[in-house]
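Structure file final_23.cif with mmCIF, C-alpha atoms; chains and numbers go by the auth columns:
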```
data_protein
#
loop_
_atom_site.group_PDB
_atom_site.id
_atom_site.type_symbol
_atom_site.label_atom_id
_atom_site.label_comp_id
_atom_site.label_asym_id
_atom_site.label_seq_id
_atom_site.Cartn_x
_atom_site.Cartn_y
_atom_site.Cartn_z
_atom_site.B_iso_or_equiv
_atom_site.auth_seq_id
_atom_site.auth_asym_id
ATOM 1 C CA MET A 1 48.825 23.527 -79.268 0.00 1 E
ATOM 2 C CA THR A 2 47.842 24.949 -75.964 0.00 2 E
ATOM 3 C CA ALA A 3 47.498 22.722 -72.923 0.00 3 E
ATOM 4 C CA LEU A 4 43.755 23.229 -72.573 0.00 4 E
ATOM 5 C CA ILE A 5 43.052 21.940 -76.088 0.00 5 E
ATOM 6 C CA HIS A 6 45.516 19.089 -75.614 0.00 6 E
ATOM 7 C CA TYR A 7 43.799 17.848 -72.448 0.00 7 E
ATOM 8 C CA SER A 8 40.299 18.325 -73.813 0.00 8 E
ATOM 9 C CA VAL A 9 41.154 16.309 -76.930 0.00 9 E
ATOM 10 C CA TRP A 10 42.579 13.596 -74.688 0.00 10 E
ATOM 11 C CA GLY A 11 39.382 13.667 -72.615 0.00 11 E
ATOM 12 C CA ALA A 12 37.246 13.387 -75.735 0.00 12 E
ATOM 13 C CA LEU A 13 39.406 10.486 -76.919 0.00 13 E
ATOM 14 C CA ILE A 14 38.892 8.609 -73.659 0.00 14 E
ATOM 15 C CA ILE A 15 35.155 9.285 -73.754 0.00 15 E
ATOM 16 C CA HIS A 16 34.946 7.982 -77.334 0.00 16 E
ATOM 17 C CA ILE A 17 36.886 4.841 -76.429 0.00 17 E
ATOM 18 C CA GLY A 18 34.436 4.243 -73.576 0.00 18 E
ATOM 19 C CA MET A 19 31.550 4.673 -75.997 0.00 19 E
ATOM 20 C CA VAL A 20 33.079 2.178 -78.413 0.00 20 E
ATOM 21 C CA LEU A 21 33.211 -0.340 -75.554 0.00 21 E
ATOM 22 C CA ILE A 22 29.552 0.342 -74.790 0.00 22 E
ATOM 23 C CA CYS A 23 28.684 -0.269 -78.440 0.00 23 E
ATOM 24 C CA VAL A 24 30.665 -3.514 -78.548 0.00 24 E
ATOM 25 C CA TRP A 25 28.780 -4.655 -75.445 0.00 25 E
ATOM 26 C CA ARG A 26 25.566 -3.647 -77.214 0.00 26 E
ATOM 27 C CA VAL A 27 26.500 -5.789 -80.232 0.00 27 E
ATOM 28 C CA TRP A 28 27.296 -8.713 -77.948 0.00 28 E
ATOM 29 C CA ARG A 29 24.022 -8.424 -76.004 0.00 29 E
ATOM 30 C CA GLY A 30 21.781 -7.367 -78.925 0.00 30 E
ATOM 31 C CA GLU A 31 18.246 -8.774 -78.553 0.00 31 E
ATOM 32 C CA ASN A 32 17.641 -9.103 -82.275 0.00 32 E
ATOM 33 C CA ILE A 33 19.735 -8.895 -85.410 0.00 33 E
ATOM 34 C CA ILE A 34 18.901 -5.250 -86.049 0.00 34 E
ATOM 35 C CA ASP A 35 20.339 -4.181 -82.687 0.00 35 E
ATOM 36 C CA ARG A 36 23.588 -5.846 -83.635 0.00 36 E
ATOM 37 C CA LEU A 37 23.531 -4.075 -86.982 0.00 37 E
ATOM 38 C CA ILE A 38 22.965 -0.729 -85.254 0.00 38 E
ATOM 39 C CA GLY A 39 25.795 -1.490 -82.835 0.00 39 E
ATOM 40 C CA LEU A 40 28.178 -2.267 -85.661 0.00 40 E
ATOM 41 C CA ASP A 41 27.202 0.891 -87.500 0.00 41 E
ATOM 42 C CA VAL A 42 27.780 3.051 -84.429 0.00 42 E
ATOM 43 C CA THR A 43 31.035 1.290 -83.635 0.00 43 E
ATOM 44 C CA THR A 44 32.483 2.137 -87.025 0.00 44 E
ATOM 45 C CA THR A 45 31.260 5.719 -86.735 0.00 45 E
ATOM 46 C CA LEU A 46 32.929 6.069 -83.356 0.00 46 E
ATOM 47 C CA THR A 47 36.199 4.657 -84.658 0.00 47 E
ATOM 48 C CA LEU A 48 35.969 7.312 -87.350 0.00 48 E
ATOM 49 C CA ALA A 49 35.558 9.916 -84.606 0.00 49 E
ATOM 50 C CA ILE A 50 38.569 8.469 -82.775 0.00 50 E
ATOM 51 C CA LEU A 51 40.630 8.742 -85.949 0.00 51 E
ATOM 52 C CA VAL A 52 39.668 12.389 -86.287 0.00 52 E
ATOM 53 C CA LEU A 53 40.664 12.996 -82.671 0.00 53 E
ATOM 54 C CA ILE A 54 44.040 11.393 -83.332 0.00 54 E
ATOM 55 C CA ALA A 55 44.377 13.669 -86.334 0.00 55 E
ATOM 56 C CA ILE A 56 43.901 16.642 -83.995 0.00 56 E
ATOM 57 C CA LEU A 57 46.388 15.263 -81.475 0.00 57 E
ATOM 58 C CA GLU A 58 49.113 14.428 -83.981 0.00 58 E
ATOM 59 C CA GLU A 59 48.617 17.671 -85.935 0.00 59 E
ATOM 60 C CA ASN A 60 48.727 15.494 -89.075 0.00 60 E
ATOM 61 C CA SER A 61 45.869 15.543 -91.570 0.00 61 E
ATOM 62 C CA LEU A 62 46.696 12.100 -92.978 0.00 62 E
ATOM 63 C CA PHE A 63 44.267 10.522 -90.515 0.00 63 E
ATOM 64 C CA ILE A 64 41.368 12.421 -92.054 0.00 64 E
ATOM 65 C CA ASP A 65 42.035 10.659 -95.360 0.00 65 E
ATOM 66 C CA VAL A 66 41.971 7.340 -93.552 0.00 66 E
ATOM 67 C CA SER A 67 38.687 8.262 -91.890 0.00 67 E
ATOM 68 C CA LEU A 68 37.271 9.204 -95.306 0.00 68 E
ATOM 69 C CA GLY A 69 37.908 5.668 -96.510 0.00 69 E
ATOM 70 C CA LEU A 70 36.465 4.249 -93.311 0.00 70 E
ATOM 71 C CA ALA A 71 33.330 6.389 -93.618 0.00 71 E
ATOM 72 C CA THR A 72 32.553 5.214 -97.138 0.00 72 E
ATOM 73 C CA LEU A 73 33.256 1.578 -96.302 0.00 73 E
ATOM 74 C CA SER A 74 31.100 1.650 -93.180 0.00 74 E
ATOM 75 C CA ALA A 75 28.204 3.262 -95.045 0.00 75 E
ATOM 76 C CA ILE A 76 28.292 0.705 -97.852 0.00 76 E
ATOM 77 C CA ALA A 77 28.717 -2.182 -95.433 0.00 77 E
ATOM 78 C CA SER A 78 25.776 -1.093 -93.304 0.00 78 E
ATOM 79 C CA VAL A 79 23.483 -0.763 -96.298 0.00 79 E
ATOM 80 C CA ALA A 80 24.603 -4.132 -97.675 0.00 80 E
ATOM 81 C CA LEU A 81 24.029 -5.831 -94.326 0.00 81 E
ATOM 82 C CA ALA A 82 20.606 -4.212 -94.014 0.00 82 E
ATOM 83 C CA LYS A 83 19.663 -5.492 -97.458 0.00 83 E
ATOM 84 C CA TYR A 84 20.933 -8.959 -96.571 0.00 84 E
ATOM 85 C CA VAL A 85 18.895 -8.978 -93.372 0.00 85 E
ATOM 86 C CA ALA A 86 15.761 -7.812 -95.173 0.00 86 E
ATOM 87 C CA ASP A 87 15.831 -10.026 -98.272 0.00 87 E
ATOM 88 C CA GLN A 88 18.075 -12.920 -97.173 0.00 88 E
ATOM 89 C CA ARG A 89 20.213 -12.359 -100.270 0.00 89 E
ATOM 90 C CA MET A 90 22.759 -9.694 -101.128 0.00 90 E
ATOM 91 C CA PHE A 91 22.373 -9.058 -104.852 0.00 91 E
ATOM 92 C CA MET B 1 46.457 34.047 -75.939 0.00 92 Y
ATOM 93 C CA TYR B 2 43.977 31.771 -77.695 0.00 93 Y
ATOM 94 C CA SER B 3 43.450 32.412 -81.393 0.00 94 Y
ATOM 95 C CA VAL B 4 39.889 32.527 -82.665 0.00 95 Y
ATOM 96 C CA SER B 5 40.233 29.279 -84.551 0.00 96 Y
ATOM 97 C CA GLN B 6 41.358 27.456 -81.426 0.00 97 Y
ATOM 98 C CA ILE B 7 38.338 28.703 -79.508 0.00 98 Y
ATOM 99 C CA ILE B 8 35.947 27.674 -82.264 0.00 99 Y
ATOM 100 C CA GLY B 9 37.713 24.323 -82.569 0.00 100 Y
ATOM 101 C CA LEU B 10 37.386 23.685 -78.870 0.00 101 Y
ATOM 102 C CA LEU B 11 33.675 24.555 -78.955 0.00 102 Y
ATOM 103 C CA CYS B 12 33.085 22.205 -81.901 0.00 103 Y
ATOM 104 C CA LEU B 13 35.025 19.470 -80.135 0.00 104 Y
ATOM 105 C CA VAL B 14 32.916 19.742 -76.989 0.00 105 Y
ATOM 106 C CA LEU B 15 29.687 19.930 -79.004 0.00 106 Y
ATOM 107 C CA GLY B 16 30.604 16.846 -81.048 0.00 107 Y
ATOM 108 C CA THR B 17 31.429 14.849 -77.950 0.00 108 Y
ATOM 109 C CA VAL B 18 28.179 15.878 -76.274 0.00 109 Y
ATOM 110 C CA PHE B 19 26.156 14.830 -79.332 0.00 110 Y
ATOM 111 C CA SER B 20 27.919 11.474 -79.487 0.00 111 Y
ATOM 112 C CA MET B 21 27.254 10.854 -75.808 0.00 112 Y
ATOM 113 C CA LEU B 22 23.567 11.703 -76.251 0.00 113 Y
ATOM 114 C CA GLY B 23 23.375 9.329 -79.196 0.00 114 Y
ATOM 115 C CA ILE B 24 24.951 6.511 -77.202 0.00 115 Y
ATOM 116 C CA LEU B 25 22.653 7.262 -74.276 0.00 116 Y
ATOM 117 C CA GLY B 26 19.735 6.969 -76.696 0.00 117 Y
ATOM 118 C CA LEU B 27 21.134 3.692 -77.986 0.00 118 Y
ATOM 119 C CA LEU B 28 21.043 2.278 -74.448 0.00 119 Y
ATOM 120 C CA ARG B 29 17.872 3.747 -73.015 0.00 120 Y
ATOM 121 C CA LEU B 30 15.319 3.918 -75.823 0.00 121 Y
ATOM 122 C CA PRO B 31 12.741 1.095 -75.796 0.00 122 Y
ATOM 123 C CA ASP B 32 12.333 0.420 -79.472 0.00 123 Y
ATOM 124 C CA VAL B 33 14.556 -0.461 -82.433 0.00 124 Y
ATOM 125 C CA TYR B 34 13.248 2.427 -84.509 0.00 125 Y
ATOM 126 C CA ALA B 35 13.757 4.901 -81.669 0.00 126 Y
ATOM 127 C CA ARG B 36 17.305 3.612 -81.242 0.00 127 Y
ATOM 128 C CA LEU B 37 17.927 4.108 -84.932 0.00 128 Y
ATOM 129 C CA HIS B 38 16.803 7.688 -84.549 0.00 129 Y
ATOM 130 C CA ALA B 39 19.306 8.243 -81.752 0.00 130 Y
ATOM 131 C CA THR B 40 22.261 6.567 -83.421 0.00 131 Y
ATOM 132 C CA GLY B 41 21.744 8.605 -86.574 0.00 132 Y
ATOM 133 C CA LYS B 42 22.765 11.610 -84.499 0.00 133 Y
ATOM 134 C CA VAL B 43 26.062 10.021 -83.469 0.00 134 Y
ATOM 135 C CA SER B 44 27.412 9.929 -86.995 0.00 135 Y
ATOM 136 C CA GLY B 45 25.324 12.697 -88.466 0.00 136 Y
ATOM 137 C CA LEU B 46 26.103 15.308 -85.816 0.00 137 Y
ATOM 138 C CA GLY B 47 28.825 14.010 -83.498 0.00 138 Y
ATOM 139 C CA ALA B 48 31.385 13.110 -86.129 0.00 139 Y
ATOM 140 C CA VAL B 49 30.548 16.195 -88.196 0.00 140 Y
ATOM 141 C CA PHE B 50 31.262 18.557 -85.307 0.00 141 Y
ATOM 142 C CA LEU B 51 34.455 16.681 -84.529 0.00 142 Y
ATOM 143 C CA LEU B 52 35.504 17.169 -88.123 0.00 143 Y
ATOM 144 C CA ALA B 53 34.714 20.864 -87.851 0.00 144 Y
ATOM 145 C CA ALA B 54 36.986 20.950 -84.806 0.00 145 Y
ATOM 146 C CA ALA B 55 39.670 19.122 -86.778 0.00 146 Y
ATOM 147 C CA ILE B 56 39.387 21.684 -89.576 0.00 147 Y
ATOM 148 C CA PHE B 57 40.028 24.518 -87.118 0.00 148 Y
ATOM 149 C CA LEU B 58 42.709 22.797 -85.044 0.00 149 Y
ATOM 150 C CA THR B 59 44.675 20.809 -87.619 0.00 150 Y
ATOM 151 C CA PRO B 60 46.706 22.543 -90.343 0.00 151 Y
ATOM 152 C CA LEU B 61 46.067 21.769 -94.029 0.00 152 Y
ATOM 153 C CA SER B 62 42.897 19.755 -93.381 0.00 153 Y
ATOM 154 C CA ALA B 63 40.152 22.177 -94.438 0.00 154 Y
ATOM 155 C CA GLY B 64 39.453 20.616 -97.846 0.00 155 Y
ATOM 156 C CA LYS B 65 39.504 17.025 -96.652 0.00 156 Y
ATOM 157 C CA GLY B 66 37.352 17.853 -93.658 0.00 157 Y
ATOM 158 C CA LEU B 67 34.699 19.517 -95.801 0.00 158 Y
ATOM 159 C CA VAL B 68 34.601 16.530 -98.166 0.00 159 Y
ATOM 160 C CA LEU B 69 34.178 14.167 -95.246 0.00 160 Y
ATOM 161 C CA ILE B 70 31.507 16.364 -93.618 0.00 161 Y
ATOM 162 C CA GLY B 71 29.578 16.350 -96.902 0.00 162 Y
ATOM 163 C CA LEU B 72 29.942 12.589 -97.236 0.00 163 Y
ATOM 164 C CA LEU B 73 28.742 11.954 -93.681 0.00 164 Y
ATOM 165 C CA LEU B 74 25.775 14.306 -94.034 0.00 165 Y
ATOM 166 C CA LEU B 75 24.747 12.498 -97.215 0.00 166 Y
ATOM 167 C CA THR B 76 25.217 8.892 -96.187 0.00 167 Y
ATOM 168 C CA THR B 77 24.037 8.871 -92.573 0.00 168 Y
ATOM 169 C CA PRO B 78 20.310 9.350 -93.294 0.00 169 Y
ATOM 170 C CA ALA B 79 20.478 6.792 -96.077 0.00 170 Y
ATOM 171 C CA VAL B 80 22.066 4.189 -93.825 0.00 171 Y
ATOM 172 C CA SER B 81 19.593 4.789 -91.015 0.00 172 Y
ATOM 173 C CA HIS B 82 16.701 4.535 -93.442 0.00 173 Y
ATOM 174 C CA ALA B 83 18.056 1.287 -94.925 0.00 174 Y
ATOM 175 C CA ILE B 84 18.375 -0.280 -91.491 0.00 175 Y
ATOM 176 C CA ALA B 85 14.911 0.910 -90.468 0.00 176 Y
ATOM 177 C CA SER B 86 13.295 -0.531 -93.577 0.00 177 Y
ATOM 178 C CA ALA B 87 15.157 -3.802 -93.031 0.00 178 Y
ATOM 179 C CA ALA B 88 13.860 -3.889 -89.461 0.00 179 Y
ATOM 180 C CA TYR B 89 10.316 -3.263 -90.689 0.00 180 Y
ATOM 181 C CA ARG B 90 10.522 -5.900 -93.411 0.00 181 Y
ATOM 182 C CA ILE B 91 11.592 -8.673 -91.061 0.00 182 Y
ATOM 183 C CA GLY B 92 8.670 -7.773 -88.864 0.00 183 Y
ATOM 184 C CA ILE B 93 10.068 -6.127 -85.757 0.00 184 Y
ATOM 185 C CA PRO B 94 7.053 -4.689 -83.866 0.00 185 Y
ATOM 186 C CA ILE B 95 6.820 -0.958 -83.169 0.00 186 Y
ATOM 187 C CA LYS B 96 6.609 -0.657 -79.394 0.00 187 Y
ATOM 188 C CA ALA B 97 7.123 3.075 -79.014 0.00 188 Y
ATOM 189 C CA GLY B 98 4.941 4.189 -81.910 0.00 189 Y
ATOM 190 C CA GLN B 99 1.364 5.507 -81.917 0.00 190 Y
ATOM 191 C CA ARG B 100 0.141 4.008 -85.207 0.00 191 Y
ATOM 192 C CA ASP B 101 1.585 2.209 -88.197 0.00 192 Y
ATOM 193 C CA GLU B 102 0.863 4.053 -91.453 0.00 193 Y
ATOM 194 C CA LEU B 103 2.993 1.718 -93.554 0.00 194 Y
ATOM 195 C CA ARG B 104 0.912 -1.328 -92.706 0.00 195 Y
ATOM 196 C CA LYS B 105 -1.984 0.005 -94.783 0.00 196 Y
ATOM 197 C CA ARG B 106 0.236 0.709 -97.790 0.00 197 Y
ATOM 198 C CA LEU B 107 2.358 -2.466 -97.666 0.00 198 Y
ATOM 199 C CA PRO B 108 -0.171 -5.185 -96.808 0.00 199 Y
ATOM 200 C CA LYS B 109 1.925 -7.959 -98.392 0.00 200 Y
ATOM 201 C CA ILE B 110 4.676 -7.668 -95.759 0.00 201 Y
ATOM 202 C CA LYS B 111 3.639 -10.067 -93.041 0.00 202 Y
ATOM 203 C CA PRO B 112 5.696 -10.145 -89.818 0.00 203 Y
ATOM 204 C CA HIS B 113 6.871 -13.752 -89.692 0.00 204 Y
ATOM 205 C CA GLU B 114 8.347 -13.582 -86.228 0.00 205 Y
#
```
Please re-express this file's structure in structure tokens.
Amino acid sequence: MTALIHYSVWGALIIHIGMVLICVWRVWRGENIIDRLIGLDVTTTLTLAILVLIAILEENSLFIDVSLGLATLSAIASVALAKYVADQRMF
Amino acid sequence: MYSVSQIIGLLCLVLGTVFSMLGILGLLRLPDVYARLHATGKVSGLGAVFLLAAAIFLTPLSAGKGLVLIGLLLLTTPAVSHAIASAAYRIGIPIKAGQRDELRKRLPKIKPHE
């Protein structure tokens, strides 16, 4: 992998880690419950993006399988939490 | 010295990162919950998808998995954003940034109890 791509992937990784920290701060400070839910949703999406960046760095496509599992879990969890917030019961 | 796939991968990488940054900027700056939901939908709907496109071009043997994951993300992201928005509306979060509220006329029984 050429040096330019290597450094740009590293830069993107650092930017994504910074964004995850911003989202965690957003969850901590969230004015109402929905802001926290949004923060959690974006945090999991950004960890998925970080996993994909690691897959590019390591030249190993195993991480994309892991991020597939994470994507499905985060989608189902977000919808379940939204339903719990709306109706005060899960099922 | 750069192959075509590396160039395309680099472009997709930069585009995905830019979309994620814009989404996070929207998450911080937008005044209203519903506007923030609109912005954060772009982070996973566009940012992660372009990163996956970059991974398809830059990582060997990952084309099939990447396409499956791109399809999954494109399907689930709108659904999740819509679920969160309807939850926000049902518990009565006021719309600050909106012009008018069409749903109020059609769902009179939902009373904001906050």
Evaluate the PyMOL selection byres ((chain Y and resi 158) around 12) and report residues as a PyMOL selection string: (chain E and resi 64-65+68) or (chain Y and resi 140-148+152-157+159-165)
Report, as AutoDock Vina command-line options, the axis-aligned box around all atoms of range 41-50 of chain E present in the file, extended by 4 Å on each side; give centre and edge lengths in Å to one decimal place.
```
--center_x 32.9 --center_y 5.4 --center_z -85.1 --size_x 19.4 --size_y 17.0 --size_z 12.7
```
The PyMOL selection byres ((chain E and resi 78) around 9) resolved against shown file, as a PyMOL selection string: (chain E and resi 37-38+40-41+73-77+79-83) or (chain Y and resi 171-172+174-175)
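The coordinates place CA of Leu101 in chain Y at 23.1 Å from CA of Gly132 in chain Y.
Separating CA of Ile33 in chain E from CA of Val85 in chain E is a distance of 8.0 Å.
A straight line drawn from CA of Gly39 in chain E to CA of Ala179 in chain Y is 13.9 Å long.
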Picked residues, the PyMOL selection byres ((chain E) within 8 of (chain Y)), as an MDAnalysis selection string: chainID E and resid 5 8:9 12 15:16 19 23 26 34:35 37:38 42 45:46 48:49 52:53 55:56 59:61 64:65 68 71:72 75 78:79 82:83 85:86
Please produce a file of the residues just selected, as a PDB file, in the frame of the given file, where the atoms kept are C-alpha atoms.
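Dumped to part-v9.pdb:
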```pdb
ATOM      1  CA  ILE E   5      43.052  21.940 -76.088  1.00  0.00           C
ATOM      2  CA  SER E   8      40.299  18.325 -73.813  1.00  0.00           C
ATOM      3  CA  VAL E   9      41.154  16.309 -76.930  1.00  0.00           C
ATOM      4  CA  ALA E  12      37.246  13.387 -75.735  1.00  0.00           C
ATOM      5  CA  ILE E  15      35.155   9.285 -73.754  1.00  0.00           C
ATOM      6  CA  HIS E  16      34.946   7.982 -77.334  1.00  0.00           C
ATOM      7  CA  MET E  19      31.550   4.673 -75.997  1.00  0.00           C
ATOM      8  CA  CYS E  23      28.684  -0.269 -78.440  1.00  0.00           C
ATOM      9  CA  ARG E  26      25.566  -3.647 -77.214  1.00  0.00           C
ATOM     10  CA  ILE E  34      18.901  -5.250 -86.049  1.00  0.00           C
ATOM     11  CA  ASP E  35      20.339  -4.181 -82.687  1.00  0.00           C
ATOM     12  CA  LEU E  37      23.531  -4.075 -86.982  1.00  0.00           C
ATOM     13  CA  ILE E  38      22.965  -0.729 -85.254  1.00  0.00           C
ATOM     14  CA  VAL E  42      27.780   3.051 -84.429  1.00  0.00           C
ATOM     15  CA  THR E  45      31.260   5.719 -86.735  1.00  0.00           C
ATOM     16  CA  LEU E  46      32.929   6.069 -83.356  1.00  0.00           C
ATOM     17  CA  LEU E  48      35.969   7.312 -87.350  1.00  0.00           C
ATOM     18  CA  ALA E  49      35.558   9.916 -84.606  1.00  0.00           C
ATOM     19  CA  VAL E  52      39.668  12.389 -86.287  1.00  0.00           C
ATOM     20  CA  LEU E  53      40.664  12.996 -82.671  1.00  0.00           C
ATOM     21  CA  ALA E  55      44.377  13.669 -86.334  1.00  0.00           C
ATOM     22  CA  ILE E  56      43.901  16.642 -83.995  1.00  0.00           C
ATOM     23  CA  GLU E  59      48.617  17.671 -85.935  1.00  0.00           C
ATOM     24  CA  ASN E  60      48.727  15.494 -89.075  1.00  0.00           C
ATOM     25  CA  SER E  61      45.869  15.543 -91.570  1.00  0.00           C
ATOM     26  CA  ILE E  64      41.368  12.421 -92.054  1.00  0.00           C
ATOM     27  CA  ASP E  65      42.035  10.659 -95.360  1.00  0.00           C
ATOM     28  CA  LEU E  68      37.271   9.204 -95.306  1.00  0.00           C
ATOM     29  CA  ALA E  71      33.330   6.389 -93.618  1.00  0.00           C
ATOM     30  CA  THR E  72      32.553   5.214 -97.138  1.00  0.00           C
ATOM     31  CA  ALA E  75      28.204   3.262 -95.045  1.00  0.00           C
ATOM     32  CA  SER E  78      25.776  -1.093 -93.304  1.00  0.00           C
ATOM     33  CA  VAL E  79      23.483  -0.763 -96.298  1.00  0.00           C
ATOM     34  CA  ALA E  82      20.606  -4.212 -94.014  1.00  0.00           C
ATOM     35  CA  LYS E  83      19.663  -5.492 -97.458  1.00  0.00           C
ATOM     36  CA  VAL E  85      18.895  -8.978 -93.372  1.00  0.00           C
ATOM     37  CA  ALA E  86      15.761  -7.812 -95.173  1.00  0.00           C
TER      38      ALA E  86
END
```
